[in-house]
>>> print(open('target25.txt').read())   # compact mmCIF, C-alpha atoms
# COMPACT_ATOMS: atom_id res chain seq x y z
CA MET T 6 72.52 -19.12 55.84
CA LEU T 7 70.75 -20.29 59.01
CA SER T 8 73.94 -19.94 61.01
CA PHE T 9 74.36 -16.37 59.69
CA ILE T 10 70.77 -15.50 60.71
CA LYS T 11 71.25 -16.98 64.19
CA LEU T 12 74.52 -15.11 64.61
CA HIS T 13 73.11 -11.76 63.51
CA LYS T 14 69.41 -12.11 64.40
CA GLU T 15 69.34 -9.03 66.67
CA LYS T 16 70.94 -6.82 64.01
CA LEU T 17 68.64 -8.23 61.33
CA LEU T 18 65.57 -7.67 63.53
CA LEU T 19 66.60 -4.06 64.17
CA THR T 20 67.24 -3.51 60.46
CA GLY T 21 63.84 -5.00 59.62
CA ILE T 22 62.09 -2.71 62.12
CA ILE T 23 63.87 0.38 60.76
CA LEU T 24 63.10 -0.47 57.13
CA SER T 25 59.46 -1.26 57.97
CA TYR T 26 59.17 2.09 59.72
CA ILE T 27 60.72 3.93 56.75
CA PHE T 28 58.37 2.31 54.22
CA LEU T 29 55.26 2.71 56.41
CA ASN T 30 56.12 6.33 57.26
CA SER T 31 56.76 7.15 53.59
CA TRP T 32 53.35 5.74 52.67
CA LEU T 33 51.63 7.69 55.47
CA ILE T 34 53.38 10.91 54.39
CA SER T 35 52.04 10.36 50.87
CA LYS T 36 48.57 10.20 52.49
CA GLU T 37 49.36 13.49 54.32
CA PHE T 38 49.47 11.79 57.73
CA LEU T 39 52.56 13.34 59.32
CA PHE T 40 52.28 12.41 62.99
CA PHE T 41 53.89 8.98 62.51
CA MET T 42 57.20 10.80 61.99
CA ALA T 43 57.19 11.52 65.72
CA LEU T 44 57.35 7.80 66.64
CA PRO T 45 61.18 7.63 67.07
CA VAL T 46 61.04 10.67 69.38
CA VAL T 47 58.22 9.05 71.38
CA VAL T 48 60.18 5.76 71.68
CA PHE T 49 63.27 7.69 72.79
CA PHE T 50 61.38 9.57 75.53
CA VAL T 51 59.67 6.37 76.73
CA PHE T 52 63.09 4.72 77.06
CA LEU T 53 64.48 7.85 78.76
CA ALA T 54 61.55 8.01 81.20
CA PHE T 55 62.08 4.40 82.28
CA THR T 56 65.83 4.82 82.73
CA ARG T 57 66.31 8.48 83.76
CA LEU T 58 63.24 10.17 85.22
CA ASP T 59 65.35 13.15 86.27
CA ILE T 60 66.40 13.94 82.69
CA THR T 61 62.81 13.40 81.52
CA TYR T 62 61.61 15.87 84.16
CA PHE T 63 63.98 18.60 82.98
CA ALA T 64 63.14 17.83 79.34
CA ILE T 65 59.46 18.49 80.13
CA ILE T 66 60.40 21.76 81.86
CA ALA T 67 62.47 22.84 78.85
CA LEU T 68 59.70 21.96 76.39
CA THR T 69 56.97 23.74 78.38
CA PRO T 70 57.56 27.26 76.95
CA LEU T 71 57.69 25.74 73.46
CA SER T 72 54.60 23.55 73.75
CA VAL T 73 51.53 24.34 71.66
CA GLN T 74 47.90 23.26 71.77
CA LEU T 75 46.83 20.38 69.55
CA ILE T 76 43.96 22.52 68.27
CA GLU T 77 46.54 24.65 66.43
CA PHE T 78 47.19 21.65 64.14
CA LEU T 79 43.80 19.94 64.30
CA PRO T 80 41.14 22.68 64.57
CA ASN T 81 38.29 20.16 64.80
CA THR T 82 39.82 17.93 67.47
CA PRO T 83 37.28 16.97 70.18
CA ILE T 84 39.96 16.76 72.90
CA ASP T 85 42.58 19.48 73.19
CA PHE T 86 45.88 19.32 75.05
CA TYR T 87 49.38 20.77 74.89
CA ILE T 88 51.95 18.88 72.82
CA PRO T 89 54.44 17.48 73.50
CA THR T 90 54.31 18.18 77.24
CA GLU T 91 50.92 16.80 78.30
CA PRO T 92 51.38 13.38 76.62
CA MET T 93 54.82 13.26 78.26
CA LEU T 94 53.30 14.12 81.65
CA PHE T 95 50.72 11.38 81.19
CA GLY T 96 53.49 8.92 80.38
CA VAL T 97 55.58 10.00 83.38
CA MET T 98 52.53 9.57 85.61
CA LEU T 99 52.06 5.95 84.43
CA ILE T 100 55.77 5.17 84.81
CA VAL T 101 55.93 6.68 88.31
CA ILE T 102 52.86 4.68 89.37
CA PHE T 103 54.35 1.51 87.85
CA LYS T 104 57.72 2.04 89.53
CA SER T 105 56.08 2.86 92.85
CA ILE T 106 54.16 -0.42 92.81
CA ARG T 107 57.31 -2.42 92.03
CA ASP T 108 59.73 -0.57 94.28
CA PRO T 109 58.46 2.54 96.14
CA PHE T 110 61.07 5.26 95.71
CA PHE T 111 59.25 8.24 97.24
CA ASP T 112 60.28 9.53 100.64
CA ARG T 113 57.26 8.41 102.67
CA ARG T 114 57.50 11.53 104.86
CA ILE T 115 56.05 13.57 101.99
CA PHE T 116 52.72 11.78 102.37
CA ASN T 117 52.43 13.03 105.96
CA HIS T 118 53.25 16.63 105.09
CA PRO T 119 50.65 19.40 105.57
CA VAL T 120 51.02 20.48 101.91
CA SER T 121 50.22 16.92 100.80
CA TYR T 122 47.14 16.86 103.03
CA ALA T 123 45.93 20.14 101.52
CA ILE T 124 46.51 18.88 97.96
CA LEU T 125 44.74 15.60 98.77
CA ALA T 126 41.74 17.50 100.18
CA ASN T 127 41.49 19.46 96.93
CA LEU T 128 41.83 16.29 94.82
CA ILE T 129 39.13 14.44 96.76
CA TRP T 130 36.73 17.36 96.31
CA LEU T 131 37.60 17.61 92.59
CA LEU T 132 36.81 13.89 92.24
CA LEU T 133 33.43 14.31 93.94
CA THR T 134 32.50 17.36 91.86
CA SER T 135 33.66 15.58 88.68
CA ILE T 136 31.16 12.81 89.42
CA THR T 137 28.36 15.39 89.88
CA SER T 138 29.62 17.58 87.01
CA THR T 139 27.35 18.94 84.29
CA MET T 140 30.06 17.83 81.83
CA PRO T 141 31.71 14.70 83.33
CA LEU T 142 34.09 14.10 80.39
CA VAL T 143 35.51 17.63 80.66
CA SER T 144 35.78 17.38 84.45
CA PHE T 145 37.53 14.01 84.52
CA LYS T 146 40.01 15.20 81.89
CA PHE T 147 40.64 18.24 84.14
CA LEU T 148 41.09 15.94 87.16
CA LEU T 149 43.45 13.63 85.26
CA ALA T 150 45.56 16.62 84.19
CA ARG T 151 45.68 17.83 87.79
CA ILE T 152 46.87 14.38 88.92
CA TRP T 153 49.69 14.14 86.37
CA PHE T 154 50.83 17.65 87.30
CA ILE T 155 50.90 16.73 91.00
CA ILE T 156 52.75 13.44 90.43
CA THR T 157 55.40 15.05 88.21
CA PHE T 158 55.78 18.56 89.63
CA TYR T 159 55.17 17.74 93.28
CA LEU T 160 55.92 14.12 94.22
CA LEU T 161 58.73 13.57 91.69
CA ALA T 162 60.05 17.11 92.18
CA VAL T 163 60.37 16.56 95.93
CA GLN T 164 62.75 13.67 95.21
CA LEU T 165 64.80 15.68 92.71
CA PHE T 166 65.03 18.84 94.80
CA LYS T 167 66.63 17.08 97.74
CA ASN T 168 69.66 18.20 95.76
CA PRO T 169 69.39 22.04 95.75
CA GLU T 170 71.45 22.23 92.54
CA ASN T 171 68.48 20.73 90.71
CA ILE T 172 66.44 23.83 91.59
CA SER T 173 68.92 25.97 89.66
CA LYS T 174 68.73 23.49 86.77
CA LEU T 175 64.94 23.82 86.83
CA VAL T 176 65.10 27.61 86.47
CA TRP T 177 67.68 27.48 83.67
CA ALA T 178 65.74 24.69 81.93
CA TYR T 179 62.70 26.94 81.74
CA VAL T 180 64.41 30.28 81.06
CA LEU T 181 66.64 29.27 78.13
CA PRO T 182 63.77 27.96 75.92
CA LEU T 183 61.69 30.93 77.05
CA LEU T 184 64.30 33.15 75.37
CA ILE T 185 63.34 31.49 72.06
CA VAL T 186 59.70 32.44 72.62
CA ILE T 187 60.73 35.99 73.57
CA ALA T 188 62.82 36.31 70.39
CA TYR T 189 59.91 34.98 68.31
CA ALA T 190 57.49 37.45 69.96
CA TRP T 191 59.87 40.38 69.53
CA VAL T 192 60.46 39.68 65.82
CA ARG T 193 56.69 39.67 65.24
CA HIS T 194 56.28 42.73 67.48
CA ILE T 195 58.95 44.71 65.63
CA LYS T 196 57.26 44.00 62.29
CA ILE T 197 53.99 45.42 63.61
CA GLY T 198 55.39 48.12 65.88
CA LEU T 199 57.33 47.59 69.08
CA TYR T 200 55.14 49.94 71.11
CA ASP T 201 51.84 48.60 69.81
CA ASP T 202 49.99 47.32 72.91
CA LYS T 203 47.36 45.58 70.75
CA ALA T 204 50.03 43.49 69.01
CA ALA T 205 51.38 42.50 72.43
CA HIS T 206 48.18 40.50 72.95
CA TYR T 207 49.00 37.88 70.30
CA VAL T 208 52.66 38.04 69.15
CA MET T 209 53.58 35.14 71.46
CA ASN T 210 51.02 32.80 69.84
CA PRO T 211 50.99 29.80 69.52
CA PHE T 212 53.35 29.23 72.46
CA TYR T 213 51.20 31.21 74.88
CA ARG T 214 47.52 31.77 74.18
CA ASP T 215 47.64 35.46 75.14
CA HIS T 216 49.78 38.09 76.80
CA THR T 217 48.33 37.45 80.28
CA SER T 218 49.76 33.92 80.63
CA TYR T 219 52.98 35.05 78.91
CA GLY T 220 53.35 38.00 81.29
CA ALA T 221 52.45 35.85 84.30
CA MET T 222 55.26 33.39 83.53
CA LEU T 223 57.78 36.17 82.92
CA ALA T 224 56.84 37.66 86.30
CA MET T 225 56.97 34.30 88.06
CA VAL T 226 60.40 33.35 86.75
CA LEU T 227 62.02 36.77 87.33
CA PHE T 228 62.82 36.50 91.07
CA PRO T 229 63.94 32.83 90.99
CA PHE T 230 66.27 33.69 88.09
CA ILE T 231 67.75 36.63 90.02
CA ALA T 232 68.36 34.26 92.95
CA VAL T 233 69.96 31.64 90.69
CA ILE T 234 72.37 34.06 89.00
CA LEU T 235 73.49 35.30 92.42
CA LEU T 236 74.28 31.78 93.68
CA LYS T 237 77.78 31.46 92.27
CA LYS T 238 80.44 33.83 91.04
CA HIS T 239 81.54 33.17 87.48
CA GLY T 240 83.90 34.71 84.98
CA PHE T 241 83.22 37.99 83.22
CA ILE T 242 81.73 36.37 80.09
CA PHE T 243 79.20 34.20 81.93
CA ARG T 244 78.33 37.05 84.33
CA THR T 245 77.64 39.28 81.33
CA PHE T 246 75.52 36.54 79.77
CA LYS T 247 73.43 36.14 82.95
CA LEU T 248 72.87 39.88 83.27
CA GLY T 249 71.92 40.00 79.58
CA VAL T 250 69.33 37.25 80.08
CA LEU T 251 67.94 39.09 83.11
CA ALA T 252 67.65 42.29 81.08
CA ILE T 253 65.83 40.39 78.30
CA LEU T 254 63.36 38.92 80.81
CA PHE T 255 62.68 42.35 82.29
CA VAL T 256 62.20 44.05 78.90
CA ALA T 257 59.98 41.16 77.76
CA LEU T 258 57.84 41.65 80.87
CA VAL T 259 57.45 45.35 80.05
CA LEU T 260 56.66 44.66 76.38
CA SER T 261 54.07 42.02 77.34
CA TYR T 262 51.83 44.95 78.34
CA THR T 263 50.42 42.71 81.10
CA ARG T 264 49.44 45.17 83.80
CA ALA T 265 48.60 42.51 86.39
CA ALA T 266 52.07 40.96 85.92
CA TRP T 267 53.70 44.36 86.44
CA ILE T 268 51.78 44.91 89.67
CA SER T 269 52.53 41.38 90.90
CA VAL T 270 56.27 41.99 90.51
CA VAL T 271 56.02 45.31 92.39
CA PHE T 272 53.92 43.65 95.10
CA SER T 273 56.42 40.78 95.52
CA ALA T 274 59.34 43.21 95.60
CA GLY T 275 57.47 45.13 98.32
CA LEU T 276 57.36 41.97 100.45
CA LEU T 277 61.13 41.58 100.22
CA ILE T 278 61.82 43.74 103.30
CA PRO T 279 59.28 42.14 105.70
CA ILE T 280 60.45 38.65 104.64
CA VAL T 281 64.14 39.49 105.12
CA TRP T 282 63.25 41.07 108.48
CA ARG T 283 61.71 37.70 109.43
CA VAL T 284 58.17 38.98 109.85
CA LYS T 285 56.09 35.86 110.51
CA PHE T 286 53.79 34.71 107.75
CA LYS T 287 50.74 34.80 110.01
CA TYR T 288 51.25 38.55 110.54
CA LEU T 289 51.49 39.10 106.78
CA LEU T 290 48.33 37.01 106.38
CA VAL T 291 46.50 39.11 108.99
CA ALA T 292 47.69 42.31 107.30
CA GLY T 293 46.48 41.01 103.93
CA ALA T 294 43.10 40.09 105.41
CA ALA T 295 42.82 43.54 107.00
CA ILE T 296 43.56 45.26 103.67
CA ALA T 297 41.01 43.03 101.93
CA GLY T 298 38.48 43.92 104.65
CA LEU T 299 39.08 47.65 104.15
CA ILE T 300 38.63 47.26 100.39
CA ILE T 301 35.31 45.45 100.91
CA LEU T 302 34.09 48.03 103.42
CA ASN T 303 34.98 50.89 101.07
CA GLN T 304 33.86 49.11 97.91
CA SER T 305 31.28 51.69 96.89
CA SER T 306 33.58 54.70 97.18
CA LEU T 307 36.38 52.82 95.40
CA GLU T 308 34.02 51.93 92.55
CA ARG T 309 32.95 55.57 92.18
CA MET T 310 36.59 56.67 92.08
CA MET T 311 37.51 53.98 89.50
CA THR T 312 34.60 54.81 87.22
CA LYS T 313 35.95 58.36 86.92
CA ASN T 314 39.12 56.98 85.32
CA ASP T 315 38.61 56.91 81.54
CA GLN T 316 42.20 56.08 80.57
CA ASP T 317 42.08 53.04 78.25
CA SER T 318 44.89 50.58 77.55
CA SER T 319 47.65 52.37 75.66
CA ASP T 320 50.97 51.78 73.96
CA LYS T 321 52.40 54.49 76.25
CA LEU T 322 53.56 52.79 79.45
CA THR T 323 52.45 55.56 81.84
CA GLU T 324 48.96 55.64 80.34
CA HIS T 325 48.83 51.83 80.30
CA VAL T 326 49.61 51.73 84.04
CA LYS T 327 46.98 54.39 84.72
CA SER T 328 44.37 52.29 82.87
CA ILE T 329 44.68 49.56 85.53
CA SER T 330 41.92 51.12 87.62
CA ASN T 331 39.68 52.08 84.68
CA ILE T 332 36.43 50.13 85.02
CA ALA T 333 34.47 52.66 82.99
CA THR T 334 35.75 52.18 79.42
CA ASP T 335 38.75 49.78 79.38
CA ALA T 336 37.52 46.62 77.59
CA SER T 337 40.13 44.34 79.18
CA ASN T 338 39.15 45.36 82.72
CA LEU T 339 35.43 45.29 81.93
CA GLU T 340 35.69 41.81 80.39
CA ARG T 341 37.33 40.52 83.57
CA ILE T 342 34.46 41.98 85.59
CA ASN T 343 32.07 40.28 83.17
CA ARG T 344 33.82 36.92 83.70
CA TRP T 345 33.92 37.31 87.49
CA ALA T 346 30.27 38.36 87.65
CA SER T 347 29.30 35.37 85.48
CA ALA T 348 31.28 33.03 87.74
CA LEU T 349 29.56 34.43 90.84
CA ARG T 350 26.13 33.96 89.24
CA MET T 351 27.07 30.37 88.42
CA PHE T 352 28.16 29.91 92.04
CA LYS T 353 24.85 31.24 93.35
CA GLU T 354 22.99 28.68 91.25
CA LYS T 355 25.20 25.73 92.36
CA PRO T 356 26.97 26.87 95.56
CA VAL T 357 27.88 23.45 97.00
CA LEU T 358 29.08 21.23 94.15
CA GLY T 359 29.43 23.77 91.35
CA TRP T 360 29.14 23.04 87.63
CA GLY T 361 32.13 20.71 87.49
CA PRO T 362 35.93 21.18 87.26
CA GLY T 363 37.01 22.73 83.97
CA THR T 364 33.45 23.53 82.85
CA TYR T 365 33.37 27.30 83.40
CA MET T 366 34.38 28.23 79.85
CA PHE T 367 31.62 26.03 78.41
CA GLN T 368 28.86 27.11 80.81
CA TYR T 369 29.29 30.80 81.59
CA ALA T 370 27.77 32.29 78.41
CA PRO T 371 24.10 32.32 79.63
CA PHE T 372 25.21 34.03 82.86
CA GLN T 373 26.55 37.12 81.08
CA ARG T 374 24.45 40.26 81.21
CA SER T 375 24.14 42.55 78.22
CA TYR T 376 25.16 45.63 80.22
CA GLN T 377 28.45 43.92 81.22
CA ARG T 378 29.41 42.50 77.84
CA THR T 379 32.24 44.08 75.84
CA TYR T 380 33.39 43.84 72.24
CA VAL T 381 35.70 40.95 73.27
CA SER T 382 32.90 38.97 74.97
CA THR T 383 32.00 35.61 73.47
CA ASN T 384 29.48 32.81 73.90
CA TYR T 385 31.67 30.03 72.52
CA GLY T 386 34.09 29.26 75.37
CA ASP T 387 37.08 30.10 73.18
CA MET T 388 38.52 33.06 75.10
CA GLY T 389 39.79 31.51 78.31
CA ASN T 390 38.40 30.89 81.76
CA ALA T 391 37.16 33.00 84.67
CA HIS T 392 40.48 34.91 84.88
CA SER T 393 40.66 34.11 88.60
CA GLU T 394 42.15 31.10 90.38
CA TYR T 395 39.76 31.80 93.26
CA ILE T 396 36.42 32.75 91.68
CA GLY T 397 36.82 30.14 88.91
CA PRO T 398 36.96 27.15 91.31
CA LEU T 399 34.08 28.73 93.25
CA SER T 400 31.86 28.38 90.18
CA GLU T 401 33.22 24.99 89.11
CA SER T 402 33.53 23.18 92.47
CA GLY T 403 31.52 25.26 94.91
CA VAL T 404 32.65 26.68 98.25
CA LEU T 405 34.99 23.82 99.15
CA GLY T 406 36.57 23.95 95.70
CA ALA T 407 37.73 27.52 96.31
CA LEU T 408 38.55 26.95 100.00
CA THR T 409 40.77 23.93 99.29
CA ILE T 410 42.70 25.92 96.66
CA ILE T 411 43.21 28.72 99.19
CA LEU T 412 44.22 26.10 101.77
CA VAL T 413 46.93 24.75 99.43
CA ILE T 414 48.27 28.29 98.93
CA ILE T 415 48.29 29.15 102.65
CA VAL T 416 49.88 25.85 103.73
CA SER T 417 52.55 25.97 100.99
CA LEU T 418 53.42 29.59 101.84
CA THR T 419 53.56 28.78 105.56
CA THR T 420 55.96 25.92 104.77
CA ALA T 421 58.07 28.16 102.52
CA PHE T 422 58.41 30.86 105.19
CA ARG T 423 59.32 28.27 107.82
CA VAL T 424 61.98 26.76 105.54
CA TYR T 425 63.39 30.24 104.81
CA ARG T 426 63.74 31.04 108.52
CA ARG T 427 65.43 27.73 109.36
CA ILE T 428 68.08 27.74 106.61
CA ASP T 429 71.54 28.97 107.60
CA ASP T 430 73.26 28.60 104.23
CA LYS T 431 73.14 32.09 102.68
CA ALA T 432 73.12 30.93 99.06
CA LEU T 433 70.29 28.45 99.65
CA LYS T 434 68.41 31.04 101.70
CA ARG T 435 68.61 33.47 98.79
CA LEU T 436 67.33 30.78 96.42
CA VAL T 437 64.35 29.99 98.67
CA LEU T 438 63.58 33.72 98.89
CA GLY T 439 63.58 33.99 95.09
CA LEU T 440 61.20 31.03 94.82
CA ILE T 441 58.86 32.51 97.45
CA LEU T 442 58.71 35.86 95.65
CA GLY T 443 58.12 34.15 92.30
CA TYR T 444 55.28 32.11 93.80
CA ILE T 445 53.73 35.24 95.31
CA THR T 446 53.61 36.93 91.89
CA TYR T 447 51.39 34.06 90.72
CA ILE T 448 49.14 34.22 93.81
CA PHE T 449 48.77 37.99 93.51
CA HIS T 450 48.34 37.96 89.72
>>> encode(input="target25.txt", output="structure tokens")
Amino acid sequence: MLSFIKLHKEKLLLTGIILSYIFLNSWLISKEFLFFMALPVVVFFVFLAFTRLDITYFAIIALTPLSVQLIEFLPNTPIDFYIPTEPMLFGVMLIVIFKSIRDPFFDRRIFNHPVSYAILANLIWLLLTSITSTMPLVSFKFLLARIWFIITFYLLAVQLFKNPENISKLVWAYVLPLLIVIAYAWVRHIKIGLYDDKAAHYVMNPFYRDHTSYGAMLAMVLFPFIAVILLKKHGFIFRTFKLGVLAILFVALVLSYTRAAWISVVFSAGLLIPIVWRVKFKYLLVAGAAIAGLIILNQSSLERMMTKNDQDSSDKLTEHVKSISNIATDASNLERINRWASALRMFKEKPVLGWGPGTYMFQYAPFQRSYQRTYVSTNYGDMGNAHSEYIGPLSESGVLGALTIILVIIVSLTTAFRVYRRIDDKALKRLVLGLILGYITYIFH
């Protein structure tokens, strides 16, 4: 008997672990505790992360469109995050740090890159403003999330994308699961009415909180996907499939009824010619600054003109586009103005250090004014943030919070334009162009 146990001890140990898990999980299910069922999946991804970080990276990308907030399952949870992606990102962060201590595998040149310096400047300021935050727990959770995003989607990505084929894999890894979300949204939309713009606000729940983030991602992925499908020539069947996917993405963007996403795509497409003509980024930056200056100088007359537009959001596309400039009656536009105005009032009260990273949604309610509130306004921090990646950081981290975000954008775009000009390979050049245009949709949106 002892000899049998010694001979088969590893198999017996494994069998014992499996049986123990089955019995324990069955008991927990009877107590209506279902999360223990996920343990084998967690163990598998931990093993995968230690052995193949590249596959883990693409798994996270593929799961991103399908991730949902924990609050959807546990409404009273004190800490909310996206599952399964954010726990996976946290795990990848720990593994990358552990591996780097044992055997540094990052290309050290990345740490001396201007983009890295800009990101580090933003991180240092976020750390300082988290310490001085009005809600330190919220701010440090925000900072931790920012760190695991940077480690996974910047430092690790730099290693992976030394092979340009991995960029194409990234786009496909995101787009294919996104098609599942699109199908889910369309089925719900058809049941309500395909041209119902109100339904478009929530049919993608719980995968995206609202149509703005859904539309933003559709816009961002559109140009990179076009670049990817133009990389290689394939047979008729696969070419038809790629064009079909592109058509689905475009129709989904239209049916998202996200006006800002529509404009961002048009704006990015408009930059296609000056980029291809090799107009230097600094000239585009100066032109953008000049346009912004003209808008500021003519702010009063523009406001008067926009207040005369009484076209509200509509299920008719032409009327919906026209409603973009309606700041008289359109609740969506007016609520954004309410959020921006609240953020600016918060900034005026704490202009240097701000209220703390991630705190806007919990602190802005007292800064609303009755004459700016709309029927969608709330005091409970449950309807999103400042709706601006520039004004939001201004209220949360003060002047330097906003300036360091803008610095990251300018430096990364400068790098992207320089890379585009230096590349001779036509296919790779087209791919970089698609990525630049996709990034610009986000910046503009």
>>> closest_residue(input="target25.txt", among="T:Pro229, T:Asn384, T:Leu405, T:Val259", to="Leu438 of chain T", atoms="all atoms listed in the file")
T:Pro229
>>> atom_distance(input="target25.txt", atom1="atom CA of Lys237 of chain T", atom2="atom CA of Arg57 of chain T")
27.1 Å
>>> atom_distance(input="target25.txt", atom1="atom CA of Ile342 of chain T", atom2="atom CA of Ala265 of chain T")
14.2 Å
>>> residues_around(input="target25.txt", residues="Leu71 of chain T", least_positions_apart="3", cutoff="7 Å", atoms="only C-alpha atoms", output="PyMOL selection string")
chain T and resi 68+182+212
>>> atom_distance(input="target25.txt", atom1="atom CA of Trp282 of chain T", atom2="atom CA of His450 of chain T")
24.2 Å
>>> residues_around(input="target25.txt", residues="Pro356 of chain T", least_positions_apart="5", cutoff="8 Å", atoms="all atoms listed in the file", output="mmCIF file with C-alpha atoms, in the coordinates of the input")
data_model
loop_
_atom_site.group_PDB
_atom_site.id
_atom_site.type_symbol
_atom_site.label_atom_id
_atom_site.label_comp_id
_atom_site.auth_asym_id
_atom_site.auth_seq_id
_atom_site.Cartn_x
_atom_site.Cartn_y
_atom_site.Cartn_z
ATOM 1 C CA MET T 351 27.070 30.370 88.420
ATOM 2 C CA LEU T 399 34.080 28.730 93.250
ATOM 3 C CA SER T 400 31.860 28.380 90.180
ATOM 4 C CA GLY T 403 31.520 25.260 94.910
ATOM 5 C CA VAL T 404 32.650 26.680 98.250
#
>>> closest_residue(input="target25.txt", among="T:Asp112, T:Asp215, T:Glu401, T:Glu91", to="Ser135 of chain T", atoms="only C-alpha atoms")
T:Glu401
>>> closest_residue(input="target25.txt", among="T:Phe272, T:Pro211, T:Ala126, T:Phe241", to="Leu75 of chain T", atoms="all atoms listed in the file")
T:Pro211
